[in-house]
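Undergrad: I'd like to ask some things about the structure below.
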Amino acid sequence: DQQVKQNSPSLSVQEGRISILNCDYTNSMFDYFLWYKKYPAEGPTFLISISSIKDKNEDGRFTVFLNKSAKHLSLHIVPSQPGDSAVYFCAAREGGFKTIFGAGTRLFVKA
Amino acid sequence: NAGVTQTPKFQVLKTGQSMTLQCAQDMNHNSMYWYRQDPGMGLRLIYYSASEGTTDKGEVPNGYNVSRLNKREFSLRLESAAPSQTSVYFCASSGFTEAFFGQGTRLTVV
């Protein structure tokens, strides 16, 4: 039973356009949400996060939106660049420690 | 600036063999984690340790044991390896916010 779901295995976007990656969760006890980026043969690296008491957090080209009533969050990348091509994982944390990841979405940014 | 260091990077085991994956972090983090990554499954939590001296099961703990040796080190042991444990294993550590991951261990059980 997946508590964190990323229903799109892949996404292809033209360079300069917006990339929107989506994530749904089922556990209402999650209080902190994170996005990680992963390149092949490397460990995931942290990208951006949001607390459950907020609905938006922005860091440069990256913005995360949280809709608690819908148990949905999204990552917006504007403008998308070829170097953004990677696998993006959504993650949710409960109680400060236990962090559950989604299956990931592979983003392709075409030049 | 090592961060999270995992050893070994690659390993091939025969079914039934045992081995221990080692992980160490130098960021003075309280929490440490072991994940496995399989195609289409994302990262699944095997075990975690919220602080030195404590360990808890994650989503897929069966077939694994862990030891939080001290604040720096968190090891994962496979007592009797099975082909279903073929995967890429990641160790991570965290403070109050994001986790930092090691480079991964690619394990193949034949």
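Scheme for the structure tokens: letters A, B, ... for chains in order shown; per-chain residue numbers from 1; ligand numbers from 1 in order shown.
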Could the residues of chain B that have an atom at most 12 Å from chain A be listed as CSV, each with its closest atom pair and the distance in Å to one decimal, counting only C-alpha atoms and ordered by chain and ascending residue number?
TA:
```
residue,atom,partner,partner_atom,distance
B:Gly3,CA,A:Gly43,CA,11.6
B:Val4,CA,A:Gly43,CA,9.9
B:Thr5,CA,A:Gly43,CA,10.8
B:Gln6,CA,A:Gly43,CA,10.6
B:Lys9,CA,A:Ala41,CA,10.2
B:Phe10,CA,A:Ala41,CA,11.4
B:His29,CA,A:Phe97,CA,11.5
B:Asn30,CA,A:Phe97,CA,9.7
B:Ser31,CA,A:Phe97,CA,6.9
B:Met32,CA,A:Phe97,CA,8.7
B:Tyr33,CA,A:Lys98,CA,8.6
B:Trp34,CA,A:Thr99,CA,10.7
B:Tyr35,CA,A:Phe101,CA,9.6
B:Arg36,CA,A:Phe101,CA,10.8
B:Gln37,CA,A:Ala103,CA,9.0
B:Asp38,CA,A:Ala103,CA,9.0
B:Pro39,CA,A:Ala103,CA,8.4
B:Gly40,CA,A:Ala103,CA,5.9
B:Met41,CA,A:Ala103,CA,4.8
B:Gly42,CA,A:Ala103,CA,3.5
B:Leu43,CA,A:Phe101,CA,5.6
B:Arg44,CA,A:Phe101,CA,6.6
B:Leu45,CA,A:Ile100,CA,6.7
B:Ile46,CA,A:Ile100,CA,10.3
B:Tyr47,CA,A:Lys98,CA,9.1
B:Tyr48,CA,A:Lys98,CA,7.1
B:Ser49,CA,A:Phe97,CA,8.2
B:Ala50,CA,A:Phe97,CA,6.1
B:Ser51,CA,A:Phe97,CA,9.5
B:Thr54,CA,A:Phe97,CA,11.9
B:Thr55,CA,A:Lys98,CA,11.1
B:Asp56,CA,A:Lys98,CA,9.1
B:Lys57,CA,A:Lys98,CA,9.5
B:Gly58,CA,A:Lys98,CA,7.6
B:Glu59,CA,A:Ile100,CA,8.4
B:Val60,CA,A:Ile100,CA,11.4
B:Val88,CA,A:Ala41,CA,9.6
B:Tyr89,CA,A:Gly43,CA,9.6
B:Phe90,CA,A:Gly43,CA,7.1
B:Cys91,CA,A:Gly43,CA,8.9
B:Ala92,CA,A:Gly43,CA,9.0
B:Ser93,CA,A:Phe97,CA,10.0
B:Ser94,CA,A:Phe97,CA,8.3
B:Gly95,CA,A:Phe97,CA,9.0
B:Phe96,CA,A:Gly96,CA,7.1
B:Thr97,CA,A:Gly96,CA,8.3
B:Glu98,CA,A:Phe46,CA,6.4
B:Ala99,CA,A:Phe46,CA,7.1
B:Phe100,CA,A:Thr45,CA,6.7
B:Phe101,CA,A:Gly43,CA,5.4
B:Gly102,CA,A:Gly43,CA,5.5
B:Gln103,CA,A:Gly43,CA,4.6
B:Gly104,CA,A:Gly43,CA,6.1
B:Thr105,CA,A:Ala41,CA,9.7
B:Arg106,CA,A:Ala41,CA,9.4
```
Undergrad: Can you pull out every residue from chain B that DSSP, working from the backbone, puts in strand (DSSP E or B), and format the result as a ChimeraX atom specification?
TA: /B:4-7,10-13,19-25,31-38,42-49,56-57,64-68,73-78,87-94,99-101,105-109
Undergrad: Find the spatial neighbours of Leu107 (chain B), counting only C-alpha atoms, within a cut-off of 6 Å - ignore same-chain residues fewer than 3 positions away - and output them as a list of chain:residue names.
TA: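 The residues that qualify are B:Phe10, B:Gln11, B:Val12, B:Thr86, B:Ser87.
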